>>> print(open('protein-v9.cif').read())   # mmCIF, C-alpha atoms
data_input
loop_
_atom_site.label_atom_id
_atom_site.label_comp_id
_atom_site.auth_asym_id
_atom_site.auth_seq_id
_atom_site.Cartn_x
_atom_site.Cartn_y
_atom_site.Cartn_z
CA MET A 1 138.72 42.08 -45.22
CA GLU A 2 136.01 40.96 -42.86
CA ARG A 3 136.48 41.74 -39.18
CA ILE A 4 134.91 39.89 -36.33
CA PRO A 5 133.02 42.26 -33.99
CA ILE A 6 133.95 42.37 -30.31
CA LEU A 7 131.12 43.43 -28.01
CA LYS A 8 131.53 44.72 -24.50
CA MET A 9 129.13 43.44 -21.85
CA GLY A 10 129.92 44.85 -18.43
CA SER A 11 133.40 43.74 -17.60
CA PHE A 12 133.35 40.97 -20.17
CA LEU A 13 133.99 40.89 -23.91
CA LEU A 14 131.80 38.85 -26.25
CA VAL A 15 133.13 37.55 -29.55
CA SER A 16 130.79 35.64 -31.81
CA ILE A 17 132.44 34.07 -34.83
CA GLN A 18 129.78 33.88 -37.53
CA ILE A 19 131.96 33.60 -40.62
CA ASP A 20 134.44 31.09 -41.96
CA MET A 21 137.73 31.90 -40.32
CA ASP A 22 140.83 32.13 -42.44
CA ASP A 23 144.28 32.68 -41.07
CA ARG A 24 144.25 36.46 -41.58
CA THR A 25 140.89 36.98 -39.87
CA ALA A 26 142.17 34.85 -37.02
CA MET A 27 145.31 36.95 -36.63
CA SER A 28 143.44 40.24 -36.78
CA LEU A 29 140.92 38.94 -34.22
CA GLN A 30 143.82 38.19 -31.91
CA ASP A 31 145.17 41.74 -32.34
CA ASP A 32 141.76 43.35 -31.83
CA LEU A 33 140.94 41.22 -28.83
CA THR A 34 144.15 41.88 -26.93
CA GLY A 35 143.73 45.60 -27.70
CA GLN A 36 140.13 45.61 -26.43
CA ILE A 37 141.00 43.69 -23.27
CA VAL A 38 143.54 46.35 -22.34
CA LYS A 39 141.29 49.23 -23.42
CA HIS A 40 138.21 48.11 -21.44
CA ARG A 41 140.15 46.40 -18.65
CA ALA A 42 138.03 43.32 -19.32
CA LYS A 43 137.91 40.55 -16.73
CA GLY A 44 136.72 37.84 -19.08
CA VAL A 45 136.39 36.95 -22.75
CA LEU A 46 133.64 34.78 -24.18
CA ILE A 47 134.18 33.33 -27.65
CA ASP A 48 131.13 31.80 -29.31
CA ILE A 49 132.09 29.33 -32.02
CA SER A 50 128.73 27.63 -32.45
CA SER A 51 128.53 28.55 -36.15
CA LEU A 52 132.00 27.20 -36.82
CA ASP A 53 131.71 23.84 -38.60
CA VAL A 54 135.32 23.34 -39.55
CA VAL A 55 138.52 24.07 -37.67
CA ASP A 56 142.08 23.34 -38.59
CA SER A 57 145.14 23.16 -36.41
CA PHE A 58 145.87 26.86 -36.98
CA ILE A 59 142.48 28.02 -35.67
CA GLY A 60 142.78 25.56 -32.81
CA ARG A 61 146.16 26.92 -31.83
CA MET A 62 144.88 30.48 -32.29
CA LEU A 63 142.16 29.79 -29.71
CA ALA A 64 144.69 28.36 -27.26
CA ASN A 65 147.07 31.29 -27.82
CA THR A 66 144.30 33.84 -27.42
CA ALA A 67 143.38 32.29 -24.10
CA ALA A 68 147.01 32.39 -22.98
CA MET A 69 147.35 36.07 -24.00
CA ALA A 70 144.11 36.97 -22.21
CA ARG A 71 145.38 35.15 -19.14
CA ILE A 72 148.52 37.30 -19.14
CA LEU A 73 146.28 40.39 -19.37
CA ASP A 74 144.30 39.07 -16.36
CA ALA A 75 141.18 37.97 -18.23
CA ASP A 76 139.67 34.49 -18.35
CA THR A 77 138.59 32.93 -21.62
CA VAL A 78 135.54 30.76 -22.13
CA VAL A 79 134.87 29.07 -25.45
CA VAL A 80 131.19 28.22 -25.95
CA GLY A 81 129.04 26.23 -28.33
CA MET A 82 131.65 24.01 -29.90
CA GLN A 83 130.14 21.55 -32.39
CA PRO A 84 130.74 17.80 -31.79
CA SER A 85 132.60 17.45 -35.10
CA VAL A 86 134.88 20.36 -34.17
CA ALA A 87 135.56 18.86 -30.74
CA ILE A 88 136.46 15.51 -32.31
CA THR A 89 138.75 17.20 -34.85
CA LEU A 90 140.59 19.17 -32.18
CA VAL A 91 141.08 16.07 -30.04
CA GLU A 92 142.33 14.09 -33.03
CA LEU A 93 144.75 16.93 -33.79
CA GLY A 94 146.02 16.61 -30.23
CA LEU A 95 144.81 20.09 -29.25
CA SER A 96 142.88 19.71 -26.04
CA LEU A 97 143.06 23.50 -25.36
CA LYS A 98 144.35 23.24 -21.82
CA GLY A 99 143.77 26.49 -20.00
CA VAL A 100 140.68 27.32 -22.01
CA ARG A 101 137.39 26.90 -20.22
CA SER A 102 134.35 25.85 -22.16
CA ALA A 103 130.58 25.93 -21.83
CA LEU A 104 127.67 24.60 -23.81
CA ASN A 105 126.11 27.95 -24.77
CA VAL A 106 126.53 31.70 -24.33
CA GLU A 107 124.23 31.81 -21.31
CA ARG A 108 126.16 29.20 -19.39
CA GLY A 109 129.43 30.71 -20.55
CA MET A 110 128.40 34.04 -19.04
CA ASP A 111 127.42 32.30 -15.79
CA LEU A 112 130.82 30.64 -15.73
CA LEU A 113 132.64 33.96 -16.25
CA ARG A 114 130.62 35.62 -13.49
CA GLN A 115 131.36 32.72 -11.18
CA ILE A 116 135.09 32.92 -11.91
CA SER A 117 135.25 36.67 -11.32
CA ARG A 118 133.25 36.30 -8.10
CA GLU A 119 135.69 33.66 -6.87
CA LEU A 120 138.59 35.96 -7.71
CA GLU A 121 136.95 38.83 -5.80
CA VAL A 122 136.41 36.65 -2.75
CA GLU A 123 140.03 35.56 -2.94
CA SER A 124 141.36 39.11 -3.18
CA GLU A 125 139.12 40.22 -0.30
CA ARG A 126 140.52 37.40 1.78
CA ASP A 127 144.04 38.48 0.86
CA ASP A 128 143.23 42.04 1.90
CA ALA A 129 141.81 40.84 5.20
CA ASP A 130 144.93 38.78 5.83
CA ARG A 131 147.11 41.79 5.17
CA GLU A 132 145.12 44.03 7.55
CA GLU A 133 145.56 41.52 10.35
CA MET B 1 125.37 -39.90 -75.88
CA ALA B 2 125.11 -37.98 -72.67
CA ASP B 3 122.09 -36.15 -74.10
CA SER B 4 120.12 -39.28 -74.90
CA GLN B 5 121.17 -40.67 -71.55
CA SER B 6 119.85 -37.70 -69.63
CA THR B 7 116.68 -37.56 -71.74
CA ARG B 8 116.01 -41.19 -71.00
CA LEU B 9 116.74 -40.62 -67.36
CA ALA B 10 114.37 -37.67 -67.23
CA SER B 11 111.50 -39.57 -68.82
CA LEU B 12 112.14 -42.46 -66.45
CA MET B 13 111.98 -40.09 -63.53
CA ARG B 14 108.88 -38.44 -64.87
CA ASN B 15 107.12 -41.80 -65.06
CA ARG B 16 107.97 -42.55 -61.50
CA ALA B 17 107.84 -38.98 -60.21
CA ASP B 18 105.02 -39.55 -57.74
CA GLU B 19 106.69 -42.61 -56.30
CA VAL B 20 110.07 -40.86 -56.01
CA LEU B 21 108.49 -37.78 -54.53
CA SER B 22 106.56 -39.56 -51.81
CA GLU B 23 109.61 -41.63 -50.89
CA TRP B 24 111.81 -38.53 -50.83
CA VAL B 25 109.39 -36.60 -48.64
CA ARG B 26 109.06 -39.58 -46.32
CA LEU B 27 112.85 -39.85 -45.96
CA GLN B 28 113.23 -36.19 -45.15
CA GLN B 29 110.38 -36.23 -42.69
CA HIS B 30 112.14 -39.07 -40.97
CA ASP B 31 115.38 -37.08 -40.83
CA LEU B 32 113.65 -33.95 -39.64
CA SER B 33 111.20 -35.67 -37.31
CA LEU B 34 113.02 -34.30 -34.28
CA ARG B 35 112.63 -30.71 -35.39
CA ASN B 36 109.32 -30.82 -37.21
CA ASN B 37 108.36 -27.59 -35.49
CA LEU B 38 110.65 -25.73 -37.89
CA LEU B 39 108.72 -26.57 -41.05
CA ARG B 40 105.00 -26.50 -41.68
CA GLU B 41 103.23 -29.69 -42.76
CA GLY B 42 102.71 -28.99 -46.43
CA GLU B 43 105.76 -26.78 -46.86
CA LEU B 44 108.24 -29.60 -47.28
CA GLU B 45 106.18 -31.47 -49.86
CA GLN B 46 105.59 -28.25 -51.76
CA GLN B 47 109.33 -27.49 -51.82
CA CYS B 48 110.16 -31.03 -52.97
CA ARG B 49 107.60 -31.10 -55.76
CA GLU B 50 108.66 -27.76 -57.18
CA PHE B 51 112.32 -28.71 -57.02
CA LEU B 52 111.72 -32.09 -58.70
CA ASN B 53 109.72 -30.47 -61.51
CA ALA B 54 112.47 -27.94 -62.13
CA LEU B 55 115.06 -30.72 -62.11
CA LEU B 56 113.07 -32.76 -64.65
CA ILE B 57 112.90 -29.78 -66.99
CA ALA B 58 116.60 -28.95 -66.72
CA LEU B 59 118.06 -32.46 -66.80
CA PRO B 60 117.28 -33.38 -70.46
CA GLN B 61 119.03 -30.21 -71.70
CA GLY B 62 122.28 -32.14 -71.40
CA THR B 63 124.51 -29.84 -69.41
CA THR B 64 125.80 -30.47 -65.91
CA ASP B 65 127.17 -26.96 -65.39
CA ILE B 66 124.89 -26.21 -62.45
CA SER B 67 126.31 -22.98 -61.09
CA THR B 68 126.34 -20.85 -64.29
CA SER B 69 124.25 -22.39 -67.07
CA PRO B 70 120.92 -20.62 -67.72
CA VAL B 71 119.30 -24.04 -68.16
CA TRP B 72 119.62 -24.60 -64.45
CA ALA B 73 118.41 -21.15 -63.43
CA THR B 74 115.04 -22.41 -62.14
CA VAL B 75 116.69 -25.16 -60.11
CA ARG B 76 119.16 -22.66 -58.72
CA ASP B 77 116.31 -20.35 -57.71
CA TYR B 78 114.56 -23.14 -55.82
CA VAL B 79 117.72 -24.24 -54.07
CA THR B 80 118.49 -20.62 -53.16
CA THR B 81 115.00 -20.10 -51.74
CA VAL B 82 115.15 -23.29 -49.71
CA ALA B 83 118.72 -22.70 -48.46
CA ARG B 84 118.02 -19.11 -47.44
CA SER B 85 114.78 -19.88 -45.68
CA ARG B 86 116.50 -22.73 -43.85
CA ALA B 87 119.43 -20.53 -42.88
CA ARG B 88 116.97 -18.07 -41.37
CA GLN B 89 114.96 -20.80 -39.64
CA GLY B 90 118.05 -22.16 -37.92
CA PHE B 91 118.65 -25.44 -39.74
CA THR B 92 122.15 -26.93 -39.60
CA PRO B 93 124.25 -27.08 -42.80
CA THR B 94 123.81 -30.88 -42.86
CA GLU B 95 120.05 -30.64 -42.72
CA THR B 96 120.07 -28.10 -45.52
CA ALA B 97 122.39 -30.20 -47.70
CA MET B 98 120.30 -33.31 -47.03
CA PHE B 99 117.40 -31.63 -48.80
CA VAL B 100 119.17 -32.40 -52.07
CA PHE B 101 121.22 -35.43 -51.10
CA SER B 102 118.28 -37.40 -49.73
CA LEU B 103 116.81 -37.42 -53.23
CA LYS B 104 119.53 -39.87 -54.27
CA GLN B 105 118.15 -42.91 -52.57
CA PRO B 106 114.60 -42.85 -54.01
CA LEU B 107 116.01 -42.00 -57.43
CA PHE B 108 118.51 -44.86 -57.37
CA ASP B 109 115.78 -47.23 -56.23
CA ALA B 110 113.63 -46.18 -59.16
CA MET B 111 116.53 -46.53 -61.58
CA ARG B 112 117.46 -49.95 -60.32
CA ARG B 113 113.96 -51.14 -61.05
CA GLU B 114 114.10 -49.85 -64.66
CA LEU B 115 117.72 -50.21 -65.73
CA SER B 116 120.57 -52.68 -65.44
CA GLY B 117 124.27 -53.13 -66.18
CA ASP B 118 126.26 -50.29 -67.79
CA ASP B 119 123.10 -48.28 -68.33
CA LEU B 120 122.43 -48.26 -64.65
CA ALA B 121 126.01 -47.37 -63.73
CA GLU B 122 126.13 -44.47 -66.19
CA SER B 123 122.77 -43.13 -65.09
CA VAL B 124 123.78 -43.35 -61.47
CA TRP B 125 127.01 -41.51 -62.23
CA LEU B 126 125.17 -38.76 -64.14
CA ILE B 127 122.46 -38.15 -61.59
CA SER B 128 125.00 -38.38 -58.78
CA THR B 129 127.18 -35.67 -60.37
CA VAL B 130 124.20 -33.41 -60.93
CA LEU B 131 122.84 -33.81 -57.42
CA ASP B 132 126.27 -33.32 -55.82
CA ARG B 133 126.74 -30.06 -57.63
CA ILE B 134 123.27 -28.85 -56.71
CA GLY B 135 123.97 -29.83 -53.13
CA LEU B 136 127.24 -27.90 -53.06
CA PHE B 137 125.56 -24.91 -54.61
CA GLY B 138 122.87 -25.10 -51.92
CA THR B 139 125.47 -25.28 -49.16
CA GLU B 140 127.27 -22.25 -50.52
CA THR B 141 124.03 -20.31 -50.65
CA TYR B 142 123.23 -21.40 -47.12
CA GLN B 143 126.65 -20.19 -46.01
CA ARG B 144 126.13 -16.84 -47.71
CA GLY B 145 122.74 -16.52 -46.06
CA ARG B 146 124.28 -17.08 -42.65
CA GLU B 147 127.03 -14.58 -43.35
CA GLU B 148 124.47 -11.97 -44.31
CA ILE B 149 122.65 -12.60 -41.05
CA ILE B 150 125.91 -12.18 -39.10
CA ALA B 151 126.77 -8.97 -40.91
CA ARG B 152 123.31 -7.55 -40.25
CA GLN B 153 123.50 -8.50 -36.59
CA GLN B 154 126.90 -6.86 -36.26
CA GLN B 155 125.45 -3.66 -37.65
CA GLU B 156 122.48 -3.86 -35.32
CA LEU B 157 124.77 -4.54 -32.38
CA LEU B 158 126.83 -1.49 -33.25
CA GLU B 159 123.73 0.67 -33.26
CA LEU B 160 122.29 -0.90 -30.13
CA SER B 161 125.49 -0.75 -28.19
CA THR B 162 125.64 2.99 -27.69
CA PRO B 163 122.57 4.15 -25.83
CA VAL B 164 122.96 7.57 -24.27
CA VAL B 165 120.46 7.93 -21.43
CA GLU B 166 119.45 11.04 -19.54
CA LEU B 167 119.63 10.13 -15.85
CA TRP B 168 118.42 13.53 -14.76
CA GLN B 169 117.84 16.81 -16.46
CA GLY B 170 121.37 17.83 -17.38
CA VAL B 171 123.02 14.54 -16.48
CA LEU B 172 123.79 12.05 -19.24
CA ALA B 173 124.95 8.48 -18.80
CA LEU B 174 126.63 6.27 -21.37
CA PRO B 175 126.72 2.65 -20.23
CA LEU B 176 129.34 0.92 -22.36
CA ILE B 177 128.99 -2.81 -22.83
CA GLY B 178 131.41 -5.02 -24.72
CA THR B 179 134.82 -4.56 -26.23
CA LEU B 180 135.71 -1.10 -27.44
CA ASP B 181 137.47 -0.88 -30.78
CA SER B 182 138.22 2.17 -32.90
CA ALA B 183 135.04 1.94 -34.97
CA ARG B 184 132.83 1.61 -31.90
CA THR B 185 134.57 4.34 -30.00
CA GLN B 186 133.99 6.68 -32.91
CA VAL B 187 130.25 5.91 -32.81
CA VAL B 188 130.22 6.23 -29.01
CA MET B 189 132.03 9.56 -29.12
CA GLU B 190 129.77 11.00 -31.78
CA SER B 191 126.55 9.90 -30.15
CA LEU B 192 127.64 11.20 -26.74
CA LEU B 193 128.69 14.58 -28.08
CA GLN B 194 125.51 14.87 -30.11
CA ALA B 195 123.44 14.00 -27.03
CA ILE B 196 125.29 16.69 -25.08
CA VAL B 197 124.28 19.26 -27.68
CA ASP B 198 120.69 17.98 -27.95
CA THR B 199 119.97 17.88 -24.23
CA GLY B 200 122.22 20.75 -23.15
CA SER B 201 123.70 18.57 -20.45
CA SER B 202 126.74 19.85 -18.62
CA ILE B 203 127.79 16.54 -17.13
CA ALA B 204 128.13 13.06 -18.58
CA ILE B 205 128.92 9.76 -16.89
CA ILE B 206 130.71 7.09 -18.92
CA ASP B 207 130.09 3.77 -17.22
CA ILE B 208 132.54 1.02 -18.18
CA THR B 209 131.17 -1.75 -15.96
CA GLY B 210 130.44 -3.82 -19.07
CA VAL B 211 133.79 -3.33 -20.75
CA PRO B 212 135.74 -6.56 -20.23
CA VAL B 213 139.24 -5.34 -21.02
CA VAL B 214 140.81 -1.89 -20.86
CA ASP B 215 144.13 -1.71 -22.67
CA THR B 216 146.13 1.36 -23.64
CA LEU B 217 144.12 1.81 -26.83
CA VAL B 218 140.76 1.70 -25.06
CA ALA B 219 142.04 4.09 -22.39
CA GLN B 220 143.26 6.40 -25.13
CA HIS B 221 139.82 6.33 -26.76
CA LEU B 222 138.11 7.08 -23.46
CA LEU B 223 140.45 9.98 -22.76
CA LYS B 224 139.77 11.40 -26.22
CA THR B 225 136.05 11.25 -25.63
CA VAL B 226 136.45 13.00 -22.29
CA ALA B 227 138.66 15.67 -23.87
CA ALA B 228 136.17 16.29 -26.68
CA ALA B 229 133.29 16.60 -24.23
CA ARG B 230 135.34 19.00 -22.13
CA LEU B 231 136.00 21.15 -25.20
CA MET B 232 132.26 21.42 -25.71
CA GLY B 233 131.76 22.49 -22.13
CA ALA B 234 130.60 19.28 -20.50
CA ASP B 235 132.42 17.43 -17.73
CA CYS B 236 132.84 13.68 -17.85
CA ILE B 237 133.03 11.18 -15.04
CA ILE B 238 134.23 7.65 -15.72
CA SER B 239 132.53 5.13 -13.46
CA GLY B 240 132.27 1.38 -13.06
CA ILE B 241 135.99 0.75 -12.85
CA ARG B 242 136.48 -2.77 -11.58
CA PRO B 243 139.47 -3.61 -9.35
CA GLN B 244 141.26 -5.54 -12.10
CA ILE B 245 140.79 -2.66 -14.51
CA ALA B 246 142.19 -0.17 -11.98
CA GLN B 247 145.23 -2.45 -11.66
CA THR B 248 145.62 -2.76 -15.42
CA ILE B 249 145.42 0.99 -15.92
CA VAL B 250 148.15 1.63 -13.36
CA HIS B 251 150.36 -1.21 -14.62
CA LEU B 252 150.07 0.08 -18.18
CA GLY B 253 151.07 3.53 -16.98
CA VAL B 254 148.04 5.23 -18.50
CA GLU B 255 147.70 8.77 -17.19
CA ILE B 256 144.04 9.37 -16.41
CA SER B 257 144.45 11.52 -13.32
CA ASP B 258 142.93 14.50 -15.20
CA VAL B 259 139.64 12.67 -15.37
CA LEU B 260 137.29 12.24 -12.47
CA THR B 261 136.84 8.52 -11.83
CA LYS B 262 134.44 6.72 -9.53
CA ALA B 263 134.08 3.05 -8.66
CA THR B 264 130.34 2.85 -9.13
CA LEU B 265 127.71 4.55 -11.19
CA ALA B 266 125.88 5.53 -8.00
CA ASP B 267 128.88 7.49 -6.71
CA ALA B 268 129.29 9.19 -10.05
CA PHE B 269 125.61 10.11 -10.13
CA ALA B 270 125.81 11.61 -6.64
CA ILE B 271 128.77 13.77 -7.73
CA ALA B 272 126.95 14.76 -10.92
CA LEU B 273 123.88 15.85 -8.97
CA SER B 274 125.91 17.89 -6.52
CA ARG B 275 127.68 19.60 -9.44
CA ILE B 276 124.35 20.85 -10.79
CA GLY B 277 123.27 21.87 -7.32
CA LEU B 278 120.96 19.00 -6.51
CA GLY B 279 121.05 16.28 -3.92
CA VAL B 280 119.20 13.23 -2.74
CA GLY B 281 117.96 13.03 0.82
CA ARG B 282 115.67 10.93 2.91
CA THR B 283 112.11 12.15 3.08
CA SER B 284 111.20 12.56 6.74
CA LYS B 285 108.28 10.48 7.98
CA THR B 286 106.25 13.49 9.00
CA THR B 287 106.36 14.95 5.51
CA VAL B 288 105.17 11.69 4.01
CA ALA B 289 102.39 11.40 6.56
CA LEU B 290 101.41 15.01 5.97
CA ARG B 291 101.27 14.50 2.24
CA ARG B 292 99.18 11.36 2.65
CA ARG B 293 96.71 13.24 4.85
CA THR B 294 96.40 16.03 2.29
CA LEU B 295 95.72 13.45 -0.40
CA GLU B 296 93.04 11.78 1.71
CA ASP B 297 91.34 15.10 2.30
#
>>> encode(input="protein-v9.cif", output="structure tokens")
Amino acid sequence: MERIPILKMGSFLLVSIQIDMDDRTAMSLQDDLTGQIVKHRAKGVLIDISSLDVVDSFIGRMLANTAAMARILDADTVVVGMQPSVAITLVELGLSLKGVRSALNVERGMDLLRQISRELEVESERDDADREE
Amino acid sequence: MADSQSTRLASLMRNRADEVLSEWVRLQQHDLSLRNNLLREGELEQQCREFLNALLIALPQGTTDISTSPVWATVRDYVTTVARSRARQGFTPTETAMFVFSLKQPLFDAMRRELSGDDLAESVWLISTVLDRIGLFGTETYQRGREEIIARQQQELLELSTPVVELWQGVLALPLIGTLDSARTQVVMESLLQAIVDTGSSIAIIDITGVPVVDTLVAQHLLKTVAAARLMGADCIISGIRPQIAQTIVHLGVEISDVLTKATLADAFAIALSRIGLGVGRTSKTTVALRRRTLED
């Protein structure tokens, strides 16, 4: 069975889906990803789906679930490079992937993740300062 | 009987063809005198002569089945050409039908001079039937021509109606004009999403100033477009919401609070610029003066 590679970049994980996803690959990706988030203590996950031409409701829900799981493990998810046809399909299926952030390409997705983690840092620093007072 | 009748009629017409033709052309020119700019000088006479010749060949064959018989194929072709060209040139249905019907008077005049009694009545009946059918056929063709024009214009309108413009690098605008139905929204959605991919824009403004009515369906379509763009990583702003439309949206209970809305395109553009870290400010007079001096040097 084909596995989708998960790359570590700093405190972020990069997943690029380059093959046609079937339900089993999707499930194993979810397992691997949650495992890797915990292992590397990742702060963010970037999923590149620019080579994905077709999605069904299962893959759509898998993306939403993955984002929810990552959220619980304290990592933000950004989906990048979605094709117009895929976006239309997901909307027609009623899956607007609330809670998943998106960006046009990997570069912007990375910028977005960095921005989010910076905001979180600032917030936690402020909390610390409040506590010291 | 009918055959000999029509043969006789045809030879009669052939003898007096020139006379009939000139009278026919004169009548039509009189009718069309107000809009003579639509037809060129010789065009009308040319059309009439060719049609009359075709009619004279087909008439003696003894059938009055205009719309299907191969005998009348040439006549049909002429009528089709004339009707279509007139449909394109903007003639009214009456004017197009009169092309055939105005032939009656000169023909009857000619027949009255040659025939009398029952002969005349039968000939008149025959030629009248034939010309009526040709006239109806012409009107139908004219109608079809107009319908084709309408269909083509609809298609062109559909293509024209969805221009996606790049207001600034990274800022797209989609000015919607006219009623939104499902087919159009699909085209709008696809062209916007494709433009987002092509230009790599992270923000898009959908301007609905030109949309006359927003009902639940249209609102639904707009929300879908916004959701699809968001999935791709681009934010959407809806602008150009007129007071009545704001009222309608609230009265209908449509939930669009997730979407950023602005009253005017200018406001939306300002927000879009600030999102990508740009802004518009007044150039101070000194800078302008300085620049002018540098240019003069």
>>> closest_residue(input="protein-v9.cif", among="A:Val80, A:Ile116, A:Leu29, A:Ile37", to="Leu231 of chain B", atoms="only C-alpha atoms")
A:Val80
>>> interface_residues(input="protein-v9.cif", of="chain A", to="chain B", cutoff="6 Å", atoms="all atoms listed in the file", output="ChimeraX atom specification")
/A:82,84,87-88,91,102-104
>>> resolve_selection(input="protein-v9.cif", expression="the PyMOL selection byres ((chain A and resi 98) around 10)", output="list in words")
Ala64, Ala67, Ala68, Leu95, Ser96, Leu97, Gly99, Val100 and Arg101 of chain A; Ala227, Arg230 and Leu231 of chain B
>>> residues_around(input="protein-v9.cif", residues="segment 103-117 of chain B", least_positions_apart="2", cutoff="7 Å", atoms="all atoms listed in the file", output="number ranges by chain")
B: 20, 23-24, 100-101, 119-121, 124
>>> resolve_selection(input="protein-v9.cif", expression="the PyMOL selection byres ((chain A and resi 2) around 10)", output="MDAnalysis selection string")
chainID A and resid 1 3:5 19 21 24:25 28
>>> write_last_selection(input="protein-v9.cif", atoms="C-alpha atoms", output="PDB file, in the coordinates of the input")
ATOM      1  CA  MET A   1     138.720  42.080 -45.220  1.00  0.00           C
ATOM      2  CA  ARG A   3     136.480  41.740 -39.180  1.00  0.00           C
ATOM      3  CA  ILE A   4     134.910  39.890 -36.330  1.00  0.00           C
ATOM      4  CA  PRO A   5     133.020  42.260 -33.990  1.00  0.00           C
ATOM      5  CA  ILE A  19     131.960  33.600 -40.620  1.00  0.00           C
ATOM      6  CA  MET A  21     137.730  31.900 -40.320  1.00  0.00           C
ATOM      7  CA  ARG A  24     144.250  36.460 -41.580  1.00  0.00           C
ATOM      8  CA  THR A  25     140.890  36.980 -39.870  1.00  0.00           C
ATOM      9  CA  SER A  28     143.440  40.240 -36.780  1.00  0.00           C
TER      10      SER A  28
END
>>> residues_around(input="protein-v9.cif", residues="Asp65 of chain B", least_positions_apart="6", cutoff="10 Å", atoms="all atoms listed in the file", output="list in words")
Val71, Trp72, Val130, Arg133 and Ile134 of chain B
>>> resolve_selection(input="protein-v9.cif", expression="the PyMOL selection byres ((chain B and resi 211-214) around 10)", output="VMD selection string")
chain B and resid 175 to 180 207 to 210 215 to 220 222 240 to 242 244 to 246 248 to 249 252
>>> atom_distance(input="protein-v9.cif", atom1="atom CA of Val164 of chain B", atom2="atom CA of Leu278 of chain B")
21.2 Å
>>> axis_aligned_box(input="protein-v9.cif", around="segment 60-79 of chain B", padding_each_side="3 Å", output="AutoDock Vina command-line options")
--center_x 120.9 --center_y -26.9 --center_z -62.9 --size_x 18.6 --size_y 19.0 --size_z 23.6
>>> atom_distance(input="protein-v9.cif", atom1="atom CA of Thr141 of chain B", atom2="atom CA of Leu52 of chain B")
18.8 Å
>>> atom_distance(input="protein-v9.cif", atom1="atom CA of Arg144 of chain B", atom2="atom CA of Leu56 of chain B")
26.7 Å
>>> residues_around(input="protein-v9.cif", residues="Arg86 of chain B", least_positions_apart="4", cutoff="12 Å", atoms="all atoms listed in the file", output="NGL selection string")
:B and (38-39 or 43-44 or 47 or 79-82 or 90-99 or 138-139 or 141-146)
>>> closest_residue(input="protein-v9.cif", among="A:Met110, A:Leu63, A:Val79, A:Leu52", to="Ala26 of chain A", atoms="all atoms listed in the file")
A:Leu63
>>> closest_residue(input="protein-v9.cif", among="A:Ser85, A:Thr34, A:Ser124, A:Met69", to="Ser51 of chain A", atoms="all atoms listed in the file")
A:Ser85
>>> closest_residue(input="protein-v9.cif", among="A:Val55, A:Ala42, A:Leu120, A:Leu112", to="Asp23 of chain A", atoms="only C-alpha atoms")
A:Val55
>>> closest_residue(input="protein-v9.cif", among="A:Thr66, A:Leu113, A:Gln18, A:Asp76", to="Asp32 of chain A", atoms="all atoms listed in the file")
A:Thr66
>>> residues_around(input="protein-v9.cif", residues="Arg41 of chain A", least_positions_apart="6", cutoff="12 Å", atoms="all atoms listed in the file", output="PyMOL selection string")
chain A and resi 8-13+33-35+70+73-76
>>> residues_near_point(input="protein-v9.cif", point="(130.2, 40.8, -29.1)", cutoff="6 Å", atoms="all atoms listed in the file", output="list in words")
Pro5, Ile6, Leu7, Leu14, Val15 and Ser16 of chain A
>>> build_atoms(input="protein-v9.cif", residues="segment 209-218 of chain B", atoms="N, CA and C atoms", output="short mmCIF file (atom, residue, chain, number, x, y, z; two decimals), in the frame of the given file")
data_model
loop_
_atom_site.label_atom_id
_atom_site.label_comp_id
_atom_site.auth_asym_id
_atom_site.auth_seq_id
_atom_site.Cartn_x
_atom_site.Cartn_y
_atom_site.Cartn_z
N THR B 209 131.36 -0.48 -16.66
CA THR B 209 131.17 -1.75 -15.96
C THR B 209 131.17 -2.92 -16.95
N GLY B 210 130.58 -2.72 -18.12
CA GLY B 210 130.44 -3.82 -19.07
C GLY B 210 131.58 -3.95 -20.04
N VAL B 211 132.64 -3.20 -19.84
CA VAL B 211 133.79 -3.33 -20.75
C VAL B 211 134.75 -4.35 -20.15
N PRO B 212 134.95 -5.48 -20.84
CA PRO B 212 135.74 -6.56 -20.23
C PRO B 212 137.22 -6.23 -20.07
N VAL B 213 137.81 -5.60 -21.07
CA VAL B 213 139.24 -5.34 -21.02
C VAL B 213 139.51 -3.87 -21.32
N VAL B 214 140.38 -3.25 -20.55
CA VAL B 214 140.81 -1.89 -20.86
C VAL B 214 142.30 -1.94 -21.13
N ASP B 215 142.70 -1.78 -22.37
CA ASP B 215 144.13 -1.71 -22.67
C ASP B 215 144.48 -0.25 -22.99
N THR B 216 145.71 -0.03 -23.39
CA THR B 216 146.13 1.36 -23.64
C THR B 216 145.27 2.02 -24.70
N LEU B 217 144.90 1.23 -25.73
CA LEU B 217 144.12 1.81 -26.83
C LEU B 217 142.74 2.25 -26.35
N VAL B 218 142.09 1.37 -25.58
CA VAL B 218 140.76 1.70 -25.06
C VAL B 218 140.84 2.92 -24.15
#
